[in-house]
>>> print(open('coords_22.pdb').read())   # PDB, C-alpha atoms and all ligand atoms
MODEL        1
ATOM      1  CA  MET A   1     -15.782   7.765 -27.252  1.00  0.00           C
ATOM      2  CA  ILE A   2     -17.258   8.404 -23.800  1.00  0.00           C
ATOM      3  CA  VAL A   3     -17.174   5.504 -21.323  1.00  0.00           C
ATOM      4  CA  THR A   4     -19.041   5.885 -18.028  1.00  0.00           C
ATOM      5  CA  ILE A   5     -18.461   3.752 -14.928  1.00  0.00           C
ATOM      6  CA  ASP A   6     -20.930   4.227 -12.089  1.00  0.00           C
ATOM      7  CA  GLY A   7     -21.128   2.410  -8.786  1.00  0.00           C
ATOM      8  CA  PRO A   8     -21.011   2.773  -5.016  1.00  0.00           C
ATOM      9  CA  ALA A   9     -17.934   3.520  -2.909  1.00  0.00           C
ATOM     10  CA  GLY A  10     -15.570   0.563  -2.672  1.00  0.00           C
ATOM     11  CA  SER A  11     -17.075  -1.219  -5.689  1.00  0.00           C
ATOM     12  CA  GLY A  12     -13.705  -1.078  -7.418  1.00  0.00           C
ATOM     13  CA  LYS A  13     -14.874   1.507  -9.941  1.00  0.00           C
ATOM     14  CA  SER A  14     -12.048   3.995  -9.345  1.00  0.00           C
ATOM     15  CA  THR A  15      -9.273   1.485  -9.918  1.00  0.00           C
ATOM     16  CA  ALA A  16     -11.163  -0.015 -12.833  1.00  0.00           C
ATOM     17  CA  ALA A  17     -11.794   3.389 -14.442  1.00  0.00           C
ATOM     18  CA  ARG A  18      -8.181   4.488 -14.006  1.00  0.00           C
ATOM     19  CA  LYS A  19      -6.746   1.288 -15.422  1.00  0.00           C
ATOM     20  CA  LEU A  20      -9.242   1.187 -18.264  1.00  0.00           C
ATOM     21  CA  ALA A  21      -8.392   4.776 -19.175  1.00  0.00           C
ATOM     22  CA  ALA A  22      -4.690   3.868 -19.191  1.00  0.00           C
ATOM     23  CA  ARG A  23      -5.369   0.864 -21.441  1.00  0.00           C
ATOM     24  CA  LEU A  24      -7.436   2.955 -23.888  1.00  0.00           C
ATOM     25  CA  GLU A  25      -5.088   5.960 -23.548  1.00  0.00           C
ATOM     26  CA  PHE A  26      -8.100   8.130 -22.680  1.00  0.00           C
ATOM     27  CA  PRO A  27      -8.179  10.838 -19.993  1.00  0.00           C
ATOM     28  CA  TYR A  28      -9.697   9.699 -16.714  1.00  0.00           C
ATOM     29  CA  LEU A  29     -12.272  11.838 -14.867  1.00  0.00           C
ATOM     30  CA  ASP A  30     -12.904  10.991 -11.210  1.00  0.00           C
ATOM     31  CA  THR A  31     -16.056  12.994 -10.452  1.00  0.00           C
ATOM     32  CA  GLY A  32     -16.088  11.932  -6.777  1.00  0.00           C
ATOM     33  CA  ALA A  33     -12.906  13.996  -6.419  1.00  0.00           C
ATOM     34  CA  MET A  34     -14.959  17.121  -7.239  1.00  0.00           C
ATOM     35  CA  TYR A  35     -17.492  16.422  -4.473  1.00  0.00           C
ATOM     36  CA  ARG A  36     -14.605  15.632  -2.132  1.00  0.00           C
ATOM     37  CA  ALA A  37     -12.811  18.870  -2.993  1.00  0.00           C
ATOM     38  CA  VAL A  38     -15.897  20.911  -2.077  1.00  0.00           C
ATOM     39  CA  ALA A  39     -16.169  18.934   1.198  1.00  0.00           C
ATOM     40  CA  TYR A  40     -12.503  19.657   1.878  1.00  0.00           C
ATOM     41  CA  ARG A  41     -13.158  23.379   1.383  1.00  0.00           C
ATOM     42  CA  LEU A  42     -16.123  23.233   3.811  1.00  0.00           C
ATOM     43  CA  ILE A  43     -13.850  21.668   6.445  1.00  0.00           C
ATOM     44  CA  GLN A  44     -11.143  24.282   5.821  1.00  0.00           C
ATOM     45  CA  LEU A  45     -13.684  27.081   6.261  1.00  0.00           C
ATOM     46  CA  GLN A  46     -15.417  25.366   9.218  1.00  0.00           C
ATOM     47  CA  ALA A  47     -18.670  25.906   7.350  1.00  0.00           C
ATOM     48  CA  ASN A  48     -22.060  25.172   8.895  1.00  0.00           C
ATOM     49  CA  LEU A  49     -22.884  21.778   7.371  1.00  0.00           C
ATOM     50  CA  GLU A  50     -26.571  22.244   8.219  1.00  0.00           C
ATOM     51  CA  ASP A  51     -26.849  25.292   5.952  1.00  0.00           C
ATOM     52  CA  PRO A  52     -27.401  24.275   2.296  1.00  0.00           C
ATOM     53  CA  ASP A  53     -27.212  27.874   1.032  1.00  0.00           C
ATOM     54  CA  ALA A  54     -23.831  28.411   2.692  1.00  0.00           C
ATOM     55  CA  ILE A  55     -22.612  25.130   1.150  1.00  0.00           C
ATOM     56  CA  SER A  56     -23.732  26.050  -2.366  1.00  0.00           C
ATOM     57  CA  LYS A  57     -22.220  29.537  -2.040  1.00  0.00           C
ATOM     58  CA  ILE A  58     -18.858  28.098  -0.976  1.00  0.00           C
ATOM     59  CA  ALA A  59     -18.991  25.584  -3.857  1.00  0.00           C
ATOM     60  CA  ALA A  60     -19.773  28.340  -6.382  1.00  0.00           C
ATOM     61  CA  GLU A  61     -16.890  30.465  -5.126  1.00  0.00           C
ATOM     62  CA  ALA A  62     -14.339  27.640  -4.988  1.00  0.00           C
ATOM     63  CA  ASN A  63     -11.808  27.859  -7.761  1.00  0.00           C
ATOM     64  CA  LEU A  64     -11.868  24.176  -8.630  1.00  0.00           C
ATOM     65  CA  GLU A  65      -9.646  22.960 -11.463  1.00  0.00           C
ATOM     66  CA  LEU A  66      -9.201  19.466 -12.827  1.00  0.00           C
ATOM     67  CA  ASP A  67      -6.372  17.964 -14.791  1.00  0.00           C
ATOM     68  CA  CYS A  68      -7.339  14.633 -16.361  1.00  0.00           C
ATOM     69  CA  GLY A  69      -4.712  12.259 -17.748  1.00  0.00           C
ATOM     70  CA  PRO A  70      -4.835   8.565 -18.679  1.00  0.00           C
ATOM     71  CA  THR A  71      -3.882   7.429 -15.158  1.00  0.00           C
ATOM     72  CA  TYR A  72      -4.933  10.312 -12.942  1.00  0.00           C
ATOM     73  CA  THR A  73      -7.347  13.114 -12.114  1.00  0.00           C
ATOM     74  CA  ARG A  74      -5.578  15.887 -10.236  1.00  0.00           C
ATOM     75  CA  VAL A  75      -7.708  18.451  -8.413  1.00  0.00           C
ATOM     76  CA  SER A  76      -6.643  21.880  -7.341  1.00  0.00           C
ATOM     77  CA  LEU A  77      -8.425  24.438  -5.172  1.00  0.00           C
ATOM     78  CA  ASP A  78      -7.274  28.037  -5.612  1.00  0.00           C
ATOM     79  CA  GLY A  79      -4.090  26.789  -7.230  1.00  0.00           C
ATOM     80  CA  HIS A  80      -3.250  24.243  -4.463  1.00  0.00           C
ATOM     81  CA  ASP A  81      -3.151  20.573  -5.379  1.00  0.00           C
ATOM     82  CA  VAL A  82      -5.542  18.801  -2.964  1.00  0.00           C
ATOM     83  CA  SER A  83      -5.633  15.442  -4.788  1.00  0.00           C
ATOM     84  CA  GLU A  84      -4.208  13.529  -1.820  1.00  0.00           C
ATOM     85  CA  ALA A  85      -5.794  15.566   0.998  1.00  0.00           C
ATOM     86  CA  ILE A  86      -9.346  14.872  -0.244  1.00  0.00           C
ATOM     87  CA  ARG A  87      -8.927  11.105   0.344  1.00  0.00           C
ATOM     88  CA  SER A  88      -9.148  11.244   4.168  1.00  0.00           C
ATOM     89  CA  PHE A  89     -11.970   9.618   6.111  1.00  0.00           C
ATOM     90  CA  GLU A  90     -12.835  13.046   7.542  1.00  0.00           C
ATOM     91  CA  VAL A  91     -13.530  14.304   4.008  1.00  0.00           C
ATOM     92  CA  SER A  92     -15.547  11.135   3.210  1.00  0.00           C
ATOM     93  CA  LYS A  93     -17.792  11.873   6.180  1.00  0.00           C
ATOM     94  CA  VAL A  94     -18.573  15.406   4.951  1.00  0.00           C
ATOM     95  CA  THR A  95     -19.115  14.573   1.236  1.00  0.00           C
ATOM     96  CA  PRO A  96     -22.798  13.565   1.674  1.00  0.00           C
ATOM     97  CA  CYS A  97     -23.596  17.194   2.638  1.00  0.00           C
ATOM     98  CA  VAL A  98     -22.140  18.193  -0.702  1.00  0.00           C
ATOM     99  CA  ALA A  99     -23.562  15.336  -2.763  1.00  0.00           C
ATOM    100  CA  HIS A 100     -27.095  15.865  -1.418  1.00  0.00           C
ATOM    101  CA  ASN A 101     -27.091  19.560  -2.307  1.00  0.00           C
ATOM    102  CA  GLN A 102     -28.870  19.921  -5.666  1.00  0.00           C
ATOM    103  CA  VAL A 103     -27.409  23.384  -6.387  1.00  0.00           C
ATOM    104  CA  VAL A 104     -23.896  21.969  -5.962  1.00  0.00           C
ATOM    105  CA  ARG A 105     -24.750  18.908  -8.059  1.00  0.00           C
ATOM    106  CA  ASP A 106     -25.975  21.127 -10.916  1.00  0.00           C
ATOM    107  CA  LEU A 107     -22.783  23.168 -10.720  1.00  0.00           C
ATOM    108  CA  LEU A 108     -20.513  20.109 -10.767  1.00  0.00           C
ATOM    109  CA  VAL A 109     -22.528  18.355 -13.484  1.00  0.00           C
ATOM    110  CA  GLY A 110     -22.072  21.466 -15.655  1.00  0.00           C
ATOM    111  CA  LYS A 111     -18.312  21.349 -15.081  1.00  0.00           C
ATOM    112  CA  GLN A 112     -18.204  17.630 -15.888  1.00  0.00           C
ATOM    113  CA  ARG A 113     -20.063  18.124 -19.192  1.00  0.00           C
ATOM    114  CA  LYS A 114     -17.673  20.930 -20.142  1.00  0.00           C
ATOM    115  CA  ILE A 115     -14.683  18.675 -19.432  1.00  0.00           C
ATOM    116  CA  GLY A 116     -16.296  15.931 -21.547  1.00  0.00           C
ATOM    117  CA  GLN A 117     -16.897  18.328 -24.435  1.00  0.00           C
ATOM    118  CA  ALA A 118     -13.351  19.651 -24.290  1.00  0.00           C
ATOM    119  CA  LEU A 119     -11.734  16.203 -24.163  1.00  0.00           C
ATOM    120  CA  GLY A 120     -13.992  14.350 -26.607  1.00  0.00           C
ATOM    121  CA  SER A 121     -12.933  10.903 -25.390  1.00  0.00           C
ATOM    122  CA  LEU A 122     -12.731   9.933 -21.730  1.00  0.00           C
ATOM    123  CA  VAL A 123     -13.422   7.350 -19.072  1.00  0.00           C
ATOM    124  CA  THR A 124     -15.543   9.012 -16.412  1.00  0.00           C
ATOM    125  CA  GLU A 125     -16.471   7.591 -13.041  1.00  0.00           C
ATOM    126  CA  GLY A 126     -19.096   8.467 -10.426  1.00  0.00           C
ATOM    127  CA  ARG A 127     -22.717   7.742  -9.500  1.00  0.00           C
ATOM    128  CA  ASP A 128     -24.641   9.592 -12.200  1.00  0.00           C
ATOM    129  CA  GLN A 129     -22.311   9.625 -15.185  1.00  0.00           C
ATOM    130  CA  GLY A 130     -24.293   7.319 -17.479  1.00  0.00           C
ATOM    131  CA  SER A 131     -27.692   8.531 -16.290  1.00  0.00           C
ATOM    132  CA  VAL A 132     -27.483  12.290 -15.739  1.00  0.00           C
ATOM    133  CA  VAL A 133     -24.186  13.694 -16.974  1.00  0.00           C
ATOM    134  CA  PHE A 134     -23.516  11.768 -20.195  1.00  0.00           C
ATOM    135  CA  PRO A 135     -26.813  10.110 -21.189  1.00  0.00           C
ATOM    136  CA  ASP A 136     -25.477   9.699 -24.757  1.00  0.00           C
ATOM    137  CA  ALA A 137     -22.266   7.936 -23.650  1.00  0.00           C
ATOM    138  CA  ASP A 138     -21.030   5.212 -26.006  1.00  0.00           C
ATOM    139  CA  VAL A 139     -20.575   2.614 -23.242  1.00  0.00           C
ATOM    140  CA  LYS A 140     -22.132   2.621 -19.758  1.00  0.00           C
ATOM    141  CA  PHE A 141     -20.876   0.309 -17.026  1.00  0.00           C
ATOM    142  CA  VAL A 142     -22.242  -0.159 -13.520  1.00  0.00           C
ATOM    143  CA  VAL A 143     -19.914  -1.926 -11.087  1.00  0.00           C
ATOM    144  CA  ASP A 144     -20.950  -3.172  -7.670  1.00  0.00           C
ATOM    145  CA  ALA A 145     -19.817  -5.478  -4.863  1.00  0.00           C
ATOM    146  CA  SER A 146     -21.242  -6.679  -1.539  1.00  0.00           C
ATOM    147  CA  LEU A 147     -21.185  -4.183   1.344  1.00  0.00           C
ATOM    148  CA  ASP A 148     -18.713  -6.374   3.289  1.00  0.00           C
ATOM    149  CA  ARG A 149     -16.317  -6.656   0.372  1.00  0.00           C
ATOM    150  CA  ARG A 150     -16.499  -2.901  -0.211  1.00  0.00           C
ATOM    151  CA  ALA A 151     -15.869  -2.177   3.477  1.00  0.00           C
ATOM    152  CA  ASP A 152     -12.824  -4.491   3.385  1.00  0.00           C
ATOM    153  CA  ARG A 153     -11.402  -2.695   0.350  1.00  0.00           C
ATOM    154  CA  ARG A 154     -11.894   0.780   1.837  1.00  0.00           C
ATOM    155  CA  PHE A 155     -10.466  -0.374   5.190  1.00  0.00           C
ATOM    156  CA  GLN A 156      -7.306  -1.636   3.504  1.00  0.00           C
ATOM    157  CA  GLU A 157      -6.903   1.602   1.531  1.00  0.00           C
ATOM    158  CA  LEU A 158      -7.335   3.801   4.615  1.00  0.00           C
ATOM    159  CA  MET A 159      -5.028   1.602   6.735  1.00  0.00           C
ATOM    160  CA  ALA A 160      -2.368   1.944   4.043  1.00  0.00           C
ATOM    161  CA  ASP A 161      -2.780   5.723   4.368  1.00  0.00           C
ATOM    162  CA  GLY A 162      -2.293   5.468   8.145  1.00  0.00           C
ATOM    163  CA  GLU A 163      -5.864   6.496   9.061  1.00  0.00           C
ATOM    164  CA  GLN A 164      -7.181   5.624  12.545  1.00  0.00           C
ATOM    165  CA  VAL A 165     -10.549   4.155  11.684  1.00  0.00           C
ATOM    166  CA  SER A 166     -12.255   0.828  12.339  1.00  0.00           C
ATOM    167  CA  ARG A 167     -13.708  -1.470   9.706  1.00  0.00           C
ATOM    168  CA  GLU A 168     -17.145  -1.077  11.395  1.00  0.00           C
ATOM    169  CA  GLN A 169     -16.998   2.721  11.107  1.00  0.00           C
ATOM    170  CA  ILE A 170     -16.226   2.368   7.397  1.00  0.00           C
ATOM    171  CA  ARG A 171     -19.004  -0.185   6.880  1.00  0.00           C
ATOM    172  CA  ASP A 172     -21.516   2.119   8.623  1.00  0.00           C
ATOM    173  CA  ASN A 173     -20.342   5.110   6.572  1.00  0.00           C
ATOM    174  CA  LEU A 174     -20.694   3.142   3.311  1.00  0.00           C
ATOM    175  CA  ALA A 175     -24.164   1.887   4.257  1.00  0.00           C
ATOM    176  CA  MET A 176     -25.256   5.430   5.130  1.00  0.00           C
ATOM    177  CA  ARG A 177     -23.915   6.805   1.848  1.00  0.00           C
ATOM    178  CA  ASP A 178     -25.508   3.952  -0.150  1.00  0.00           C
ATOM    179  CA  SER A 179     -28.982   4.664   1.187  1.00  0.00           C
ATOM    180  CA  GLY A 180     -28.655   8.389   0.419  1.00  0.00           C
ATOM    181  CA  ASP A 181     -27.192   7.795  -3.035  1.00  0.00           C
ATOM    182  CA  ALA A 182     -29.684   5.136  -4.077  1.00  0.00           C
ATOM    183  CA  LYS A 183     -32.676   7.279  -3.123  1.00  0.00           C
ATOM    184  CA  GLN A 184     -31.473  10.252  -5.092  1.00  0.00           C
ATOM    185  CA  TRP A 185     -29.654   9.447  -8.292  1.00  0.00           C
ATOM    186  CA  ALA A 186     -27.979   6.066  -8.496  1.00  0.00           C
ATOM    187  CA  PRO A 187     -30.518   3.778 -10.187  1.00  0.00           C
ATOM    188  CA  LEU A 188     -31.608   5.966 -13.066  1.00  0.00           C
ATOM    189  CA  LEU A 189     -30.264   3.757 -15.850  1.00  0.00           C
ATOM    190  CA  ASN A 190     -32.840   1.706 -17.752  1.00  0.00           C
ATOM    191  CA  PRO A 191     -32.438  -2.070 -17.887  1.00  0.00           C
ATOM    192  CA  GLY A 192     -30.373  -3.009 -20.938  1.00  0.00           C
ATOM    193  CA  GLU A 193     -28.809   0.424 -21.160  1.00  0.00           C
ATOM    194  CA  SER A 194     -25.820  -0.405 -18.977  1.00  0.00           C
ATOM    195  CA  ILE A 195     -23.465  -3.344 -18.516  1.00  0.00           C
ATOM    196  CA  ARG A 196     -23.481  -4.476 -14.863  1.00  0.00           C
ATOM    197  CA  ILE A 197     -20.480  -6.150 -13.277  1.00  0.00           C
ATOM    198  CA  ASP A 198     -20.397  -7.578  -9.736  1.00  0.00           C
ATOM    199  CA  THR A 199     -16.779  -7.341  -8.608  1.00  0.00           C
ATOM    200  CA  THR A 200     -17.255  -9.084  -5.204  1.00  0.00           C
ATOM    201  CA  ARG A 201     -15.274 -12.159  -6.245  1.00  0.00           C
ATOM    202  CA  MET A 202     -13.251 -10.654  -9.073  1.00  0.00           C
ATOM    203  CA  THR A 203      -9.656  -9.460  -9.117  1.00  0.00           C
ATOM    204  CA  ILE A 204      -8.997  -6.068 -10.626  1.00  0.00           C
ATOM    205  CA  ALA A 205      -7.295  -7.741 -13.622  1.00  0.00           C
ATOM    206  CA  GLN A 206     -10.459  -9.767 -14.271  1.00  0.00           C
ATOM    207  CA  VAL A 207     -12.602  -6.627 -14.049  1.00  0.00           C
ATOM    208  CA  ILE A 208     -10.401  -4.783 -16.562  1.00  0.00           C
ATOM    209  CA  ASP A 209     -10.440  -7.750 -18.967  1.00  0.00           C
ATOM    210  CA  ARG A 210     -14.228  -7.780 -18.808  1.00  0.00           C
ATOM    211  CA  LEU A 211     -14.493  -4.015 -19.454  1.00  0.00           C
ATOM    212  CA  VAL A 212     -12.048  -4.183 -22.366  1.00  0.00           C
ATOM    213  CA  GLN A 213     -13.925  -7.148 -23.877  1.00  0.00           C
ATOM    214  CA  HIS A 214     -17.153  -5.126 -23.923  1.00  0.00           C
ATOM    215  CA  ILE A 215     -15.449  -2.062 -25.394  1.00  0.00           C
ATOM    216  CA  GLU A 216     -13.865  -4.152 -28.141  1.00  0.00           C
ATOM    217  CA  GLN A 217     -17.242  -5.669 -28.981  1.00  0.00           C
ATOM    218  CA  ILE A 218     -18.795  -2.206 -29.197  1.00  0.00           C
ATOM    219  CA  ARG A 219     -15.896  -0.817 -31.254  1.00  0.00           C
ATOM    220  CA  GLY A 220     -16.249  -3.812 -33.587  1.00  0.00           C
ATOM    221  CA  LYS A 221     -19.871  -2.872 -34.215  1.00  0.00           C
ATOM    222  CA  VAL A 222     -19.127   0.792 -35.007  1.00  0.00           C
TER
HETATM  223  O1  LIG B 301     -16.560   7.857  -5.258  1.00  0.00           O
HETATM  224  P1  LIG B 301     -16.170   8.684  -4.062  1.00  0.00           P
HETATM  225  O2  LIG B 301     -16.237   7.930  -2.751  1.00  0.00           O
HETATM  226  O3  LIG B 301     -14.868   9.381  -4.230  1.00  0.00           O
HETATM  227  O4  LIG B 301     -17.298   9.833  -3.980  1.00  0.00           O
HETATM  228  C1  LIG B 301     -17.259  10.834  -3.000  1.00  0.00           C
HETATM  229  C2  LIG B 301     -18.670  11.294  -2.672  1.00  0.00           C
HETATM  230  O5  LIG B 301     -19.237  12.011  -3.760  1.00  0.00           O
HETATM  231  C3  LIG B 301     -19.663  10.198  -2.314  1.00  0.00           C
HETATM  232  O6  LIG B 301     -20.389  10.615  -1.158  1.00  0.00           O
HETATM  233  C4  LIG B 301     -20.598  10.102  -3.485  1.00  0.00           C
HETATM  234  C5  LIG B 301     -20.497  11.447  -4.132  1.00  0.00           C
HETATM  235  N1  LIG B 301     -20.554  11.429  -5.596  1.00  0.00           N
HETATM  236  C6  LIG B 301     -21.718  11.813  -6.203  1.00  0.00           C
HETATM  237  O7  LIG B 301     -22.686  12.115  -5.506  1.00  0.00           O
HETATM  238  N2  LIG B 301     -21.790  11.859  -7.562  1.00  0.00           N
HETATM  239  C7  LIG B 301     -20.734  11.549  -8.312  1.00  0.00           C
HETATM  240  N3  LIG B 301     -20.807  11.641  -9.642  1.00  0.00           N
HETATM  241  C8  LIG B 301     -19.528  11.138  -7.703  1.00  0.00           C
HETATM  242  C9  LIG B 301     -19.477  11.080  -6.327  1.00  0.00           C
ENDMDL
END
>>> encode(input="coords_22.pdb", output="structure tokens", more="lines below")
Ligand code: DC
Amino acid sequence: MIVTIDGPAGSGKSTAARKLAARLEFPYLDTGAMYRAVAYRLIQLQANLEDPDAISKIAAEANLELDCGPTYTRVSLDGHDVSEAIRSFEVSKVTPCVAHNQVVRDLLVGKQRKIGQALGSLVTEGRDQGSVVFPDADVKFVVDASLDRRADRRFQELMADGEQVSREQIRDNLAMRDSGDAKQWAPLLNPGESIRIDTTRMTIAQVIDRLVQHIEQIRGKV
């Protein structure tokens, strides 16, 4: 069974996907981590972020490996685990250069499909999982929340990591990423094809209960 969870940054999709995967005992694939890992490599190499060909070449040469378990996706670059390092605000600021590069997207989509084929069952999370990567997924969720709620969540996460960043900077970064994402690939799901959940006023436990309820209904029908 393939379960996709798509939504913008801070919508709660990562926590929801990880906890749902744990509940179902399925591997969890965090596809944002792949875009982040390429961004991390660009920063390491001080690449020219204005040069799409240089970016796609670096992405193609990066030895990116993923290890997906029921509660984690670990990412390594050339044998070094970068799973924590890719979470910084600096990396978040560079990821749009990666995400907007179609050559890199095609490369990462290919890797994601291969992982899906190899694992058979998984909970996968991103922006384009139900629309582009796994159009035949068994269950497709879209989670969202208001921009202010999402900025609050990201701010708390980054504060906990000791980052020096203001809530306004995060809100602006999210708004900028939303407009880029929405124009390019986010809204490709047809009405009725996905289950939409607004997490603005929901606790994570309520979100998980809702996801599990839908999966049980679908499993009951199979
Ligand atoms: O979900 P996240 O914040 O970790 O995602 C990091 C970046 O990667 C963000 O700019 C959106 C982009 N992304 C994407 O374009 N497609 C995906 N499937 C996942 C993430």
>>> closest_residue(input="coords_22.pdb", among="A:Ser146, A:Gln217, A:Ser14, A:Ser92", to="Thr71 in chain A", atoms="only C-alpha atoms")
A:Ser14
>>> residues_near_ligand(input="coords_22.pdb", ligand="ligand LIG 301 (chain B)", cutoff="8 Å", atoms="only C-alpha atoms and all ligand atoms", output="PyMOL selection string")
chain A and resi 6-10+14+30-36+87+92-96+98-100+105+109+125-129+177+181+185
>>> closest_residue(input="coords_22.pdb", among="A:Arg167, A:Asp152, A:Asp161, A:Lys140", to="Gly192 in chain A", atoms="all atoms listed in the file")
A:Lys140
>>> resolve_selection(input="coords_22.pdb", expression="the PyMOL selection byres (((chain A and resi 139) around 9) and not hetatm)", output="ChimeraX atom specification")
/A:1-5,130,136-138,140-141,193-195,214-215,218
>>> write_last_selection(input="coords_22.pdb", atoms="C-alpha atoms", output="mmCIF file, keeping the file's coordinate frame")
data_model
loop_
_atom_site.group_PDB
_atom_site.id
_atom_site.type_symbol
_atom_site.label_atom_id
_atom_site.label_comp_id
_atom_site.auth_asym_id
_atom_site.auth_seq_id
_atom_site.Cartn_x
_atom_site.Cartn_y
_atom_site.Cartn_z
ATOM 1 C CA MET A 1 -15.782 7.765 -27.252
ATOM 2 C CA ILE A 2 -17.258 8.404 -23.800
ATOM 3 C CA VAL A 3 -17.174 5.504 -21.323
ATOM 4 C CA THR A 4 -19.041 5.885 -18.028
ATOM 5 C CA ILE A 5 -18.461 3.752 -14.928
ATOM 6 C CA GLY A 130 -24.293 7.319 -17.479
ATOM 7 C CA ASP A 136 -25.477 9.699 -24.757
ATOM 8 C CA ALA A 137 -22.266 7.936 -23.650
ATOM 9 C CA ASP A 138 -21.030 5.212 -26.006
ATOM 10 C CA LYS A 140 -22.132 2.621 -19.758
ATOM 11 C CA PHE A 141 -20.876 0.309 -17.026
ATOM 12 C CA GLU A 193 -28.809 0.424 -21.160
ATOM 13 C CA SER A 194 -25.820 -0.405 -18.977
ATOM 14 C CA ILE A 195 -23.465 -3.344 -18.516
ATOM 15 C CA HIS A 214 -17.153 -5.126 -23.923
ATOM 16 C CA ILE A 215 -15.449 -2.062 -25.394
ATOM 17 C CA ILE A 218 -18.795 -2.206 -29.197
#
>>> resolve_selection(input="coords_22.pdb", expression="the PyMOL selection byres (((chain A and resi 112) around 10) and not hetatm)", output="count of residues only")
21
>>> closest_residue(input="coords_22.pdb", among="A:Cys97, A:Gly220, A:Thr15, A:Thr203", to="Glu157 in chain A", atoms="all atoms listed in the file")
A:Thr15
>>> closest_residue(input="coords_22.pdb", among="A:Ser179, A:Glu65, A:Val104, A:Tyr72", to="Val123 in chain A", atoms="all atoms listed in the file")
A:Tyr72
>>> atom_distance(input="coords_22.pdb", atom1="CA of Val165 in chain A", atom2="CA of Tyr40 in chain A")
18.4 Å
>>> atom_distance(input="coords_22.pdb", atom1="CA of Ser166 in chain A", atom2="CA of Ser83 in chain A")
23.5 Å
